[in-house]
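**Q** If it helps, the file is called work_13.tsv and holds TSV, C-alpha atoms:
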chain	number	residue	atom	x	y	z
A	1097	MET	CA	107.19	193.28	96.81
A	1098	LEU	CA	110.70	194.24	95.93
A	1099	ILE	CA	111.47	195.18	92.38
A	1100	LEU	CA	114.88	194.29	90.99
A	1101	ALA	CA	115.22	197.26	88.69
A	1102	ALA	CA	114.52	199.72	91.49
A	1103	MET	CA	118.08	199.39	92.84
A	1104	PRO	CA	121.28	199.70	90.82
A	1105	LEU	CA	122.39	196.34	89.36
A	1106	GLY	CA	119.35	194.73	90.96
A	1107	LEU	CA	120.66	195.13	94.51
A	1108	ASN	CA	118.25	193.49	96.92
A	1109	PHE	CA	118.89	193.28	100.66
A	1110	ILE	CA	116.50	190.39	101.19
A	1111	GLU	CA	118.33	188.45	98.50
A	1112	ILE	CA	121.66	189.29	100.09
A	1113	LEU	CA	120.33	187.94	103.38
A	1114	ILE	CA	119.06	184.75	101.72
A	1115	HIS	CA	122.41	184.28	99.97
A	1116	PHE	CA	124.23	184.95	103.23
A	1117	PHE	CA	122.26	182.29	105.12
A	1118	ASN	CA	122.73	179.96	102.18
A	1119	ILE	CA	126.49	180.45	102.44
A	1120	VAL	CA	126.45	179.97	106.23
A	1121	ILE	CA	124.48	176.71	105.92
A	1122	LEU	CA	126.76	175.55	103.10
A	1123	VAL	CA	129.93	176.30	105.05
A	1124	VAL	CA	128.63	174.55	108.17
A	1125	VAL	CA	127.45	171.47	106.25
A	1126	VAL	CA	130.63	171.19	104.17
A	1127	ARG	CA	132.78	171.70	107.24
A	1128	PHE	CA	131.12	168.93	109.23
A	1129	LEU	CA	130.30	166.48	106.44
A	1130	LEU	CA	133.28	166.83	104.16
A	1131	TYR	CA	136.15	168.96	105.38
A	1132	LYS	CA	136.58	167.73	108.94
A	1133	PRO	CA	136.16	163.98	108.24
A	1134	ILE	CA	138.67	164.14	105.37
A	1135	LYS	CA	141.08	166.20	107.46
A	1136	LYS	CA	140.62	163.83	110.39
A	1137	PHE	CA	141.30	160.83	108.17
A	1138	MET	CA	144.43	162.49	106.76
A	1139	ALA	CA	145.59	163.44	110.27
A	1140	SER	CA	145.05	159.89	111.58
A	1141	ARG	CA	146.91	158.49	108.57
A	1142	ALA	CA	149.77	160.95	109.09
A	1143	GLU	CA	149.78	159.98	112.78
A	1144	SER	CA	149.89	156.28	111.93
A	1145	TYR	CA	152.75	156.90	109.48
A	1146	ALA	CA	154.57	158.94	112.12
A	1147	LYS	CA	154.01	156.12	114.63
A	1148	GLN	CA	155.29	153.57	112.12
A	1149	ALA	CA	158.32	155.74	111.47
A	1150	GLU	CA	158.87	156.11	115.21
A	1151	ASP	CA	158.51	152.34	115.71
A	1152	ALA	CA	160.89	151.72	112.84
A	1153	GLU	CA	163.35	154.15	114.39
A	1154	LYS	CA	163.01	152.44	117.77
A	1155	THR	CA	163.47	149.04	116.16
A	1156	THR	CA	166.52	150.33	114.33
A	1157	THR	CA	167.94	151.71	117.58
A	1158	VAL	CA	167.30	148.39	119.33
A	1159	ALA	CA	168.84	146.52	116.40
A	1160	VAL	CA	171.90	148.77	116.44
A	1161	GLU	CA	172.24	148.32	120.20
A	1162	LEU	CA	171.88	144.55	119.82
A	1163	ARG	CA	174.40	144.53	117.01
A	1164	GLU	CA	176.86	146.49	119.13
A	1165	LYS	CA	176.19	144.13	122.03
A	1166	TYR	CA	176.69	141.06	119.87
A	1167	GLU	CA	179.77	142.56	118.27
A	1168	LEU	CA	181.16	143.14	121.77
A	1169	LEU	CA	180.23	139.60	122.76
A	1170	LEU	CA	181.81	138.24	119.59
A	1171	ASP	CA	184.90	140.30	120.19
A	1172	ASN	CA	185.12	139.05	123.77
A	1173	ALA	CA	184.51	135.49	122.60
A	1174	GLN	CA	187.26	135.81	120.01
A	1175	LYS	CA	189.63	137.21	122.62
A	1176	GLU	CA	188.66	134.45	125.02
A	1177	ALA	CA	189.14	131.84	122.28
A	1178	VAL	CA	192.59	133.24	121.52
A	1179	LYS	CA	193.39	133.21	125.24
A	1180	ILE	CA	192.10	129.64	125.61
A	1181	THR	CA	194.16	128.55	122.59
A	1182	GLU	CA	197.24	130.24	123.98
A	1183	ASP	CA	196.63	128.77	127.43
A	1184	ALA	CA	196.05	125.37	125.84
A	1185	ALA	CA	199.27	125.69	123.88
A	1186	VAL	CA	201.19	126.69	126.99
A	1187	SER	CA	199.55	123.92	128.97
A	1188	ALA	CA	200.23	121.41	126.18
A	1189	ASN	CA	203.85	122.49	126.05
A	1190	LEU	CA	204.10	122.13	129.79
A	1191	ASN	CA	202.44	118.71	129.63
A	1192	ALA	CA	204.69	117.67	126.77
A	1193	ASP	CA	207.76	118.70	128.71
A	1194	GLN	CA	206.40	116.89	131.74
A	1195	ILE	CA	205.67	113.77	129.70
A	1196	ILE	CA	209.10	113.90	128.09
A	1197	ASN	CA	210.74	114.41	131.44
A	1198	ASP	CA	208.71	111.56	132.93
A	1199	ALA	CA	209.56	109.39	129.96
A	1200	LYS	CA	213.19	110.27	130.26
A	1201	LYS	CA	213.10	109.48	133.99
A	1202	LYS	CA	211.29	106.21	133.34
A	1203	ALA	CA	213.74	105.40	130.55
A	1204	SER	CA	216.73	106.12	132.76
A	1205	VAL	CA	215.19	103.99	135.52
A	1206	ILE	CA	214.61	101.20	133.00
A	1207	ILE	CA	218.13	101.56	131.65
A	1208	GLU	CA	219.58	101.52	135.15
A	1209	LYS	CA	217.51	98.51	136.01
A	1210	ALA	CA	218.51	96.84	132.76
A	1211	GLU	CA	222.16	97.56	133.44
A	1212	GLU	CA	221.80	96.18	136.94
A	1213	ASP	CA	220.05	93.12	135.53
A	1214	ILE	CA	222.84	92.75	132.99
A	1215	LYS	CA	225.40	93.03	135.74
A	1216	ILE	CA	223.53	90.48	137.80
A	1217	LYS	CA	223.19	88.20	134.78
A	1218	VAL	CA	226.82	88.66	133.92
A	1219	ALA	CA	227.76	87.85	137.52
A	1220	GLU	CA	225.47	84.86	137.46
A	1221	GLN	CA	226.93	83.74	134.14
A	1222	LYS	CA	230.38	84.21	135.48
A	1223	GLU	CA	229.54	82.15	138.49
A	1224	ALA	CA	227.88	79.57	136.31
A	1225	MET	CA	230.88	79.57	134.01
A	1226	ALA	CA	233.28	79.21	136.92
A	1227	GLY	CA	231.20	76.31	138.20
A	1228	ALA	CA	231.28	74.72	134.74
A	1229	ILE	CA	235.01	75.24	134.39
A	1230	SER	CA	235.68	73.68	137.77
A	1231	GLU	CA	233.45	70.76	136.89
A	1232	LEU	CA	235.27	70.54	133.59
A	1233	ALA	CA	238.58	70.62	135.35
A	1234	VAL	CA	237.40	67.88	137.69
A	1235	ALA	CA	236.21	65.87	134.72
A	1236	MET	CA	239.46	66.46	132.90
A	1237	ALA	CA	241.45	65.37	135.92
A	1238	SER	CA	239.39	62.24	136.26
A	1239	LYS	CA	239.94	61.44	132.58
A	1240	ILE	CA	243.67	62.09	132.85
A	1241	LEU	CA	243.91	59.97	135.89
A	1242	ASP	CA	242.05	57.07	134.35
A	1243	ARG	CA	244.72	56.42	131.54
A	1244	GLU	CA	248.00	57.46	130.06
A	1245	PHE	CA	247.95	60.89	128.55
A	1246	ARG	CA	248.56	60.95	124.82
A	1247	GLN	CA	248.61	63.61	122.12
A	1248	LYS	CA	245.66	62.01	120.54
A	1249	ASP	CA	243.75	61.84	123.81
A	1250	ASN	CA	244.70	65.34	124.61
A	1251	ASP	CA	243.05	66.57	121.40
A	1252	ALA	CA	240.04	64.40	122.07
A	1253	VAL	CA	239.62	65.86	125.58
A	1254	ILE	CA	239.94	69.38	124.34
A	1255	ASN	CA	237.36	68.79	121.63
A	1256	LEU	CA	235.12	67.21	124.20
A	1257	LEU	CA	235.44	70.14	126.58
A	1258	VAL	CA	234.90	72.66	123.89
A	1259	GLY	CA	231.86	70.78	122.71
A	1260	GLU	CA	230.41	70.71	126.20
A	1261	TRP	CA	231.28	74.35	126.65
A	1262	LYS	CA	229.41	75.16	123.50
A	1263	LYS	CA	226.44	73.07	124.65
A	1264	GLY	CA	226.51	74.52	128.15
B	604	MET	CA	121.46	178.49	41.81
B	605	TYR	CA	124.76	179.18	43.49
B	606	SER	CA	124.38	182.92	43.12
B	607	LEU	CA	120.83	182.68	44.46
B	608	LEU	CA	121.96	180.76	47.58
B	609	GLY	CA	125.00	183.00	48.01
B	610	GLY	CA	122.80	186.07	47.78
B	611	LYS	CA	120.42	184.71	50.40
B	612	PHE	CA	123.33	183.86	52.67
B	613	ILE	CA	124.71	187.39	52.39
B	614	ASP	CA	121.27	188.85	52.99
B	615	PHE	CA	120.90	186.70	56.10
B	616	PHE	CA	124.21	187.97	57.51
B	617	GLN	CA	123.33	191.53	56.67
B	618	GLU	CA	120.07	191.16	58.54
B	619	GLN	CA	121.86	189.66	61.53
B	620	PHE	CA	124.39	192.45	61.63
B	621	GLN	CA	121.69	195.07	61.34
B	622	GLU	CA	119.67	193.41	64.10
B	623	ALA	CA	122.71	193.06	66.33
B	624	PHE	CA	123.96	196.60	66.00
B	625	SER	CA	120.57	198.21	66.02
B	626	GLY	CA	119.55	197.05	69.47
B	627	GLY	CA	120.05	193.26	69.70
B	628	LEU	CA	123.36	193.53	71.51
B	629	LYS	CA	122.06	196.24	73.82
B	630	HIS	CA	119.09	194.07	74.67
B	631	ALA	CA	121.39	191.11	75.43
B	632	VAL	CA	123.51	193.27	77.73
B	633	ASP	CA	120.45	194.69	79.48
B	634	GLU	CA	119.03	191.20	79.87
B	635	SER	CA	122.32	189.96	81.34
B	636	ILE	CA	122.60	192.76	83.88
B	637	ASN	CA	118.93	193.10	84.80
B	638	PRO	CA	117.21	189.78	84.08
B	639	GLU	CA	113.50	189.27	84.36
B	640	PRO	CA	112.78	188.66	88.06
B	641	ILE	CA	111.28	185.32	89.02
B	642	ASN	CA	109.11	184.34	91.93
B	643	PHE	CA	110.69	182.90	95.05
B	644	PHE	CA	108.15	182.29	97.83
B	645	GLY	CA	106.36	185.50	96.92
B	646	LEU	CA	109.53	187.52	96.36
B	647	GLN	CA	110.59	188.74	92.94
B	648	VAL	CA	114.26	187.69	92.80
B	649	ASN	CA	117.18	187.44	90.43
B	650	PRO	CA	117.30	183.98	88.73
B	651	ALA	CA	120.85	183.67	90.07
B	652	LEU	CA	119.31	182.93	93.49
B	653	TYR	CA	117.86	179.72	92.07
B	654	SER	CA	121.24	178.82	90.62
B	655	ALA	CA	122.87	179.46	94.01
B	656	ILE	CA	120.29	177.32	95.79
B	657	ILE	CA	120.58	174.52	93.21
B	658	ILE	CA	124.38	174.53	93.49
B	659	SER	CA	124.22	174.63	97.30
B	660	GLY	CA	121.74	171.75	97.29
B	661	LEU	CA	123.97	169.73	94.97
B	662	ILE	CA	127.03	170.42	97.11
B	663	ILE	CA	125.17	169.41	100.28
B	664	LEU	CA	123.83	166.26	98.58
B	665	PHE	CA	127.29	165.46	97.29
B	666	ALA	CA	128.74	166.02	100.79
B	667	ILE	CA	126.14	163.71	102.36
B	668	ILE	CA	126.77	160.99	99.77
B	669	LEU	CA	130.53	161.28	100.23
B	670	ARG	CA	130.21	161.26	104.02
B	671	ILE	CA	128.07	158.13	104.06
B	672	PHE	CA	129.43	156.07	101.18
B	673	VAL	CA	132.91	157.28	100.26
B	674	ILE	CA	134.76	158.69	103.27
B	675	PRO	CA	134.29	155.59	105.49
B	676	LYS	CA	135.91	153.53	102.71
B	677	PHE	CA	138.95	155.76	102.38
B	678	LYS	CA	142.18	153.81	101.96
B	679	LYS	CA	145.68	154.59	103.11
B	680	ASN	CA	146.87	154.90	99.51
B	681	PRO	CA	144.54	157.50	97.96
B	682	LYS	CA	143.32	157.04	94.39
B	683	GLY	CA	140.71	158.63	92.12
B	684	LEU	CA	138.02	160.60	93.94
B	685	GLN	CA	139.73	160.18	97.31
B	686	LEU	CA	142.92	161.66	95.88
B	687	ILE	CA	141.03	164.66	94.44
B	688	LEU	CA	139.19	165.31	97.71
B	689	GLU	CA	142.31	164.93	99.81
B	690	SER	CA	144.29	167.21	97.49
B	691	MET	CA	141.61	169.90	97.68
B	692	VAL	CA	141.24	169.75	101.45
B	693	SER	CA	144.99	169.55	101.88
B	694	TYR	CA	145.58	172.57	99.62
B	695	PHE	CA	143.05	174.84	101.34
B	696	ASP	CA	143.96	173.65	104.81
B	697	ARG	CA	147.66	174.15	104.18
B	698	SER	CA	147.19	177.60	102.69
B	699	ALA	CA	145.04	178.62	105.70
B	700	VAL	CA	147.15	177.00	108.40
B	701	ASP	CA	150.50	178.06	106.91
B	702	THR	CA	149.36	181.67	106.67
B	703	LEU	CA	147.22	181.98	109.78
B	704	HIS	CA	148.62	179.25	112.04
B	705	LYS	CA	146.46	176.53	113.51
B	706	LYS	CA	144.43	178.85	115.74
B	707	HIS	CA	142.66	180.59	112.82
B	708	GLY	CA	143.54	178.18	110.03
B	709	GLY	CA	141.12	175.57	111.37
B	710	PHE	CA	138.31	178.13	111.11
B	711	VAL	CA	139.25	179.81	107.84
B	712	GLY	CA	140.24	176.59	105.98
B	713	PRO	CA	136.70	175.14	105.70
B	714	TYR	CA	135.33	178.57	104.78
B	715	ILE	CA	137.68	179.15	101.84
B	716	PHE	CA	137.28	175.49	100.78
B	717	THR	CA	133.48	175.87	100.66
B	718	MET	CA	133.56	179.29	99.01
B	719	ALA	CA	136.02	178.17	96.34
B	720	MET	CA	133.80	175.18	95.57
B	721	PHE	CA	130.66	177.35	95.60
B	722	ILE	CA	132.17	180.01	93.31
B	723	ALA	CA	133.61	177.48	90.86
B	724	LEU	CA	130.43	175.42	90.59
B	725	GLY	CA	128.19	178.52	90.77
B	726	THR	CA	129.97	179.84	87.68
B	727	LEU	CA	130.17	176.53	85.82
B	728	ILE	CA	126.38	176.11	86.14
B	729	GLU	CA	126.24	178.47	83.15
B	730	LEU	CA	127.28	175.50	81.00
B	731	VAL	CA	123.90	173.83	81.57
B	732	GLY	CA	122.05	176.97	80.51
B	733	LEU	CA	121.31	178.47	83.92
B	734	ARG	CA	122.33	181.94	85.02
B	735	PRO	CA	125.62	181.84	86.98
B	736	ALA	CA	125.02	182.20	90.71
B	737	PHE	CA	127.60	184.99	90.85
B	738	ALA	CA	126.15	186.96	87.94
B	739	SER	CA	124.13	188.74	90.60
B	740	ILE	CA	125.45	191.53	92.77
B	741	ASN	CA	123.48	190.10	95.70
B	742	THR	CA	125.32	186.76	95.69
B	743	CYS	CA	128.64	188.57	95.44
B	744	PHE	CA	127.79	190.96	98.27
B	745	ALA	CA	126.68	188.05	100.45
B	746	SER	CA	130.02	186.36	99.75
B	747	GLY	CA	131.92	189.57	100.50
B	748	ILE	CA	130.00	190.07	103.75
B	749	SER	CA	130.65	186.49	104.80
B	750	ALA	CA	134.38	187.02	104.13
B	751	PHE	CA	134.24	190.30	106.09
B	752	ILE	CA	132.67	188.48	109.05
B	753	VAL	CA	135.26	185.68	108.93
B	754	ILE	CA	138.10	188.22	108.73
B	755	ASN	CA	136.77	190.18	111.71
B	756	ILE	CA	136.04	187.08	113.81
B	757	CYS	CA	139.69	186.09	113.42
B	758	GLY	CA	140.84	189.68	114.06
B	759	PHE	CA	138.85	189.96	117.30
B	760	ARG	CA	139.82	186.44	118.40
B	761	GLU	CA	143.46	187.37	118.03
B	762	LYS	CA	143.48	190.95	119.32
B	763	LYS	CA	140.24	191.20	121.31
B	764	LEU	CA	139.21	194.84	121.72
B	765	ARG	CA	142.69	196.04	120.85
B	766	ARG	CA	141.58	195.64	117.25
B	767	PHE	CA	139.67	198.95	117.57
B	768	LYS	CA	142.92	200.75	118.38
B	769	ARG	CA	143.94	200.71	114.75
B	770	TYR	CA	141.09	203.10	113.90
B	771	VAL	CA	142.05	205.71	116.51
B	772	PRO	CA	145.16	207.25	115.04
B	773	ASN	CA	144.16	206.64	111.45
B	774	ILE	CA	140.48	206.58	110.50
B	775	LEU	CA	141.45	205.52	106.99
B	776	ASN	CA	141.97	202.01	108.38
B	777	LEU	CA	138.20	201.88	108.87
B	778	MET	CA	137.70	202.75	105.22
B	779	SER	CA	140.19	200.11	104.15
B	780	ASP	CA	138.39	197.50	106.29
B	781	ILE	CA	135.05	198.41	104.76
B	782	ALA	CA	136.61	198.33	101.31
B	783	VAL	CA	137.56	194.66	101.79
B	784	PRO	CA	134.09	193.13	101.31
B	785	LEU	CA	133.32	195.68	98.58
B	786	SER	CA	136.50	194.83	96.76
B	787	LEU	CA	135.91	191.08	97.05
B	788	SER	CA	132.28	191.40	95.95
B	789	LEU	CA	132.77	193.76	93.03
B	790	ARG	CA	135.83	191.91	91.70
B	791	LEU	CA	133.87	188.67	91.73
B	792	PHE	CA	130.75	190.25	90.24
B	793	GLY	CA	132.63	192.17	87.53
B	794	SER	CA	134.57	189.13	86.45
B	795	ILE	CA	131.71	186.65	86.35
B	796	MET	CA	129.28	189.15	84.90
B	797	SER	CA	131.68	190.15	82.13
B	798	GLY	CA	132.13	186.52	81.12
B	799	PHE	CA	128.39	185.98	81.25
B	800	ILE	CA	127.70	189.06	79.12
B	801	ILE	CA	130.21	187.94	76.50
B	802	MET	CA	128.53	184.56	76.31
B	803	GLU	CA	125.08	186.14	76.12
B	804	LEU	CA	126.27	188.41	73.32
B	805	LEU	CA	127.55	185.41	71.40
B	806	TYR	CA	124.31	183.54	71.85
B	807	SER	CA	122.23	186.62	70.96
B	808	THR	CA	123.32	186.54	67.33
B	809	ILE	CA	122.71	183.42	65.30
B	810	PHE	CA	125.85	183.64	63.17
B	811	LEU	CA	128.08	183.74	66.27
B	812	SER	CA	126.26	181.10	68.26
B	813	PHE	CA	127.74	178.07	66.42
B	814	ALA	CA	131.00	176.56	67.66
B	815	ILE	CA	132.42	179.90	68.78
B	816	PRO	CA	130.81	179.84	72.28
B	817	SER	CA	132.42	176.48	73.06
B	818	ALA	CA	135.85	177.98	72.41
B	819	VAL	CA	135.14	181.29	74.16
B	820	ALA	CA	133.56	179.53	77.16
B	821	ILE	CA	136.97	178.10	78.04
B	822	ILE	CA	138.12	181.63	78.88
B	823	THR	CA	134.92	183.26	80.01
B	824	THR	CA	133.48	180.38	82.03
B	825	PHE	CA	136.08	177.73	82.89
B	826	PHE	CA	138.94	180.14	83.38
B	827	HIS	CA	136.84	182.63	85.37
B	828	ALA	CA	135.33	179.88	87.51
B	829	VAL	CA	138.69	178.52	88.61
B	830	LEU	CA	140.48	181.85	88.76
B	831	GLN	CA	137.80	183.64	90.77
B	832	ALA	CA	137.49	180.73	93.19
B	833	TYR	CA	141.24	180.79	93.70
B	834	LEU	CA	141.35	184.59	94.01
B	835	PHE	CA	138.50	184.77	96.50
B	836	ALA	CA	140.08	182.07	98.67
B	837	THR	CA	143.55	183.59	98.50
B	838	LEU	CA	142.38	187.15	99.14
B	839	SER	CA	140.22	186.03	102.06
B	840	VAL	CA	143.27	184.39	103.64
B	841	ILE	CA	145.47	187.43	102.97
B	842	PHE	CA	142.94	189.86	104.44
B	843	THR	CA	142.51	187.59	107.46
B	844	GLN	CA	146.26	187.48	107.89
B	845	GLU	CA	146.34	191.31	107.88
B	846	ALA	CA	143.61	191.34	110.52
B	847	VAL	CA	145.40	188.96	112.89
B	848	GLU	CA	148.89	190.42	112.51
Here is the file; what I need is its structure written in the form of structure tokens.
**A**
Amino acid sequence: MLILAAMPLGLNFIEILIHFFNIVILVVVVRFLLYKPIKKFMASRAESYAKQAEDAEKTTTVAVELREKYELLLDNAQKEAVKITEDAAVSANLNADQIINDAKKKASVIIEKAEEDIKIKVAEQKEAMAGAISELAVAMASKILDREFRQKDNDAVINLLVGEWKKG
Amino acid sequence: MYSLLGGKFIDFFQEQFQEAFSGGLKHAVDESINPEPINFFGLQVNPALYSAIIISGLIILFAIILRIFVIPKFKKNPKGLQLILESMVSYFDRSAVDTLHKKHGGFVGPYIFTMAMFIALGTLIELVGLRPAFASINTCFASGISAFIVINICGFREKKLRRFKRYVPNILNLMSDIAVPLSLSLRLFGSIMSGFIIMELLYSTIFLSFAIPSAVAIITTFFHAVLQAYLFATLSVIFTQEAVE
């Protein structure tokens, strides 16, 4: 039997030993039941946040790369569009010139043909007119020969010829 | 009537003062330092042992309940009890790991966490009328020895047998190493015991035992509980750091 008062301040080695084992058990239990699970949970949460941050960073990098790629594509497309427009303009100008030239050529051909036709028509008309005049002359001669020429008859013949000329 | 009551009141105070200063206070101090031993499986022990066992049992029960019912339901956004637990673990883990690196921090962190909790609750048990677990030199020595063992485990893990070299040129290093558990134990004991004695003194006289203890307990019990828990944890880490450097 140990007596408390026998040692200064009630020092008792058995008690110290009991307290020591109590502390050891307490530390072990708290470590495995409380400390480690909470720490593990916090570590896994920190890890998941880090992973999320990493994923977000990766996504951002991919997005930036895509944006750069699309910007490049857009830039190229714009350049290509400008080039196509310019080419189209040049081509249209060339076509327009060609069309105008063709039109001019066709017009000149038509004009030439028309002039030729006019010449032919004029020649034909001249021939026709010559024929008519000769017929008229023959008719006039026959009229003159049929009776005595008078001033009055003369005027009547001329009016007759002119009237036929106008009709013809 | 008034003078009769007033006279009785003054007489009552006079009696109290006479009782207090003629041996009442001395008795309270003696009772605080050397309490009546109680039986513990055939051993006559300090009542503080029961307080220590009750607090340990409560902590273990609390840990089991938390492990089974609370920790599995932890959420990513901590609130309430989860926030308190995480803050505590985080604080002690960070102070151990930041000072001692991960190699020793993982070992020392749980120890200082448990000891801080044990010291704080072991002192606050006084509020329910039990003797504080650390108002016994035995509890404090056990705590100091446990800290000494933790410090030396880390020291030998870090330096192996080279740790003995520090005693060769200067034997005073041995004294300073032995002084560590003594210093931790006696600081803890002196602080808790002083607070306990003050409270016992207040309760020992009737005219001081109304209202005043509730105000004084803030300093002598609450303040000591938190401060000593913090000091013990911090000093244990600092001494361990010295051992591993």
**Q** Ranking B:Val711, B:Ile668, B:Ala745, B:Ile728 by minimum distance to chain A and counting only C-alpha atoms, which one comes first?
**A**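 Result for the nearest residue to chain A: B:Ala745.
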**Q** I need the contact residues of chain A against chain B, so if you could list those with any atom within 6 Å, counting all atoms listed in the file, and return them as a list in words, that would help.
**A**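 The answer, sorted by residue number, is Leu1107, Ile1112, His1115, Phe1116, Val1123, Arg1127, Leu1129 and Leu1130 of chain A.
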**Q** I'd like the interatomic distance between atom CA of Lys611 of chain B and atom CA of Ala818 of chain B, to a tenth of an Å.
**A**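 Between atom CA of Lys611 of chain B and atom CA of Ala818 of chain B the gap works out to 27.7 Å.
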**Q** Counting only C-alpha atoms, which of A:Ala1149, A:Lys1202, A:Ile1214, A:Pro1133 gets nearest to Val673 of chain B?
**A** A:Pro1133
**Q** Enclose segment 687-702 of chain B, meaning all of its atoms listed in the file, in a box aligned along x, y and z, pad it by 4 Å on each side, and list the centre and edge lengths in Å to one decimal, as lines of an AutoDock Vina configuration file.
**A**
center_x = 144.8
center_y = 173.2
center_z = 101.4
size_x = 19.3
size_y = 25.0
size_z = 22.0
**Q** Find, counting all atoms listed in the file, the residue in B:Ser698, B:Ser797, B:Thr837, B:Thr726 that gets nearest to Thr824 of chain B.
**A**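 Checking each of B:Ser698, B:Ser797, B:Thr837, B:Thr726 against Thr824 of chain B, counting all atoms listed in the file, the winner is B:Thr726.
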**Q** Could you tell me how far atom CA of Ala1203 of chain A sits from atom CA of Ser1187 of chain A, in Å to one decimal place?
**A**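 Going from atom CA of Ser1187 of chain A over to atom CA of Ala1203 of chain A, I get 23.4 Å.
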**Q** One decimal, Å: what's the distance from atom CA of Pro816 of chain B over to atom CA of Gly725 of chain B, could you say?
**A**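 A separation of 18.7 Å between them.
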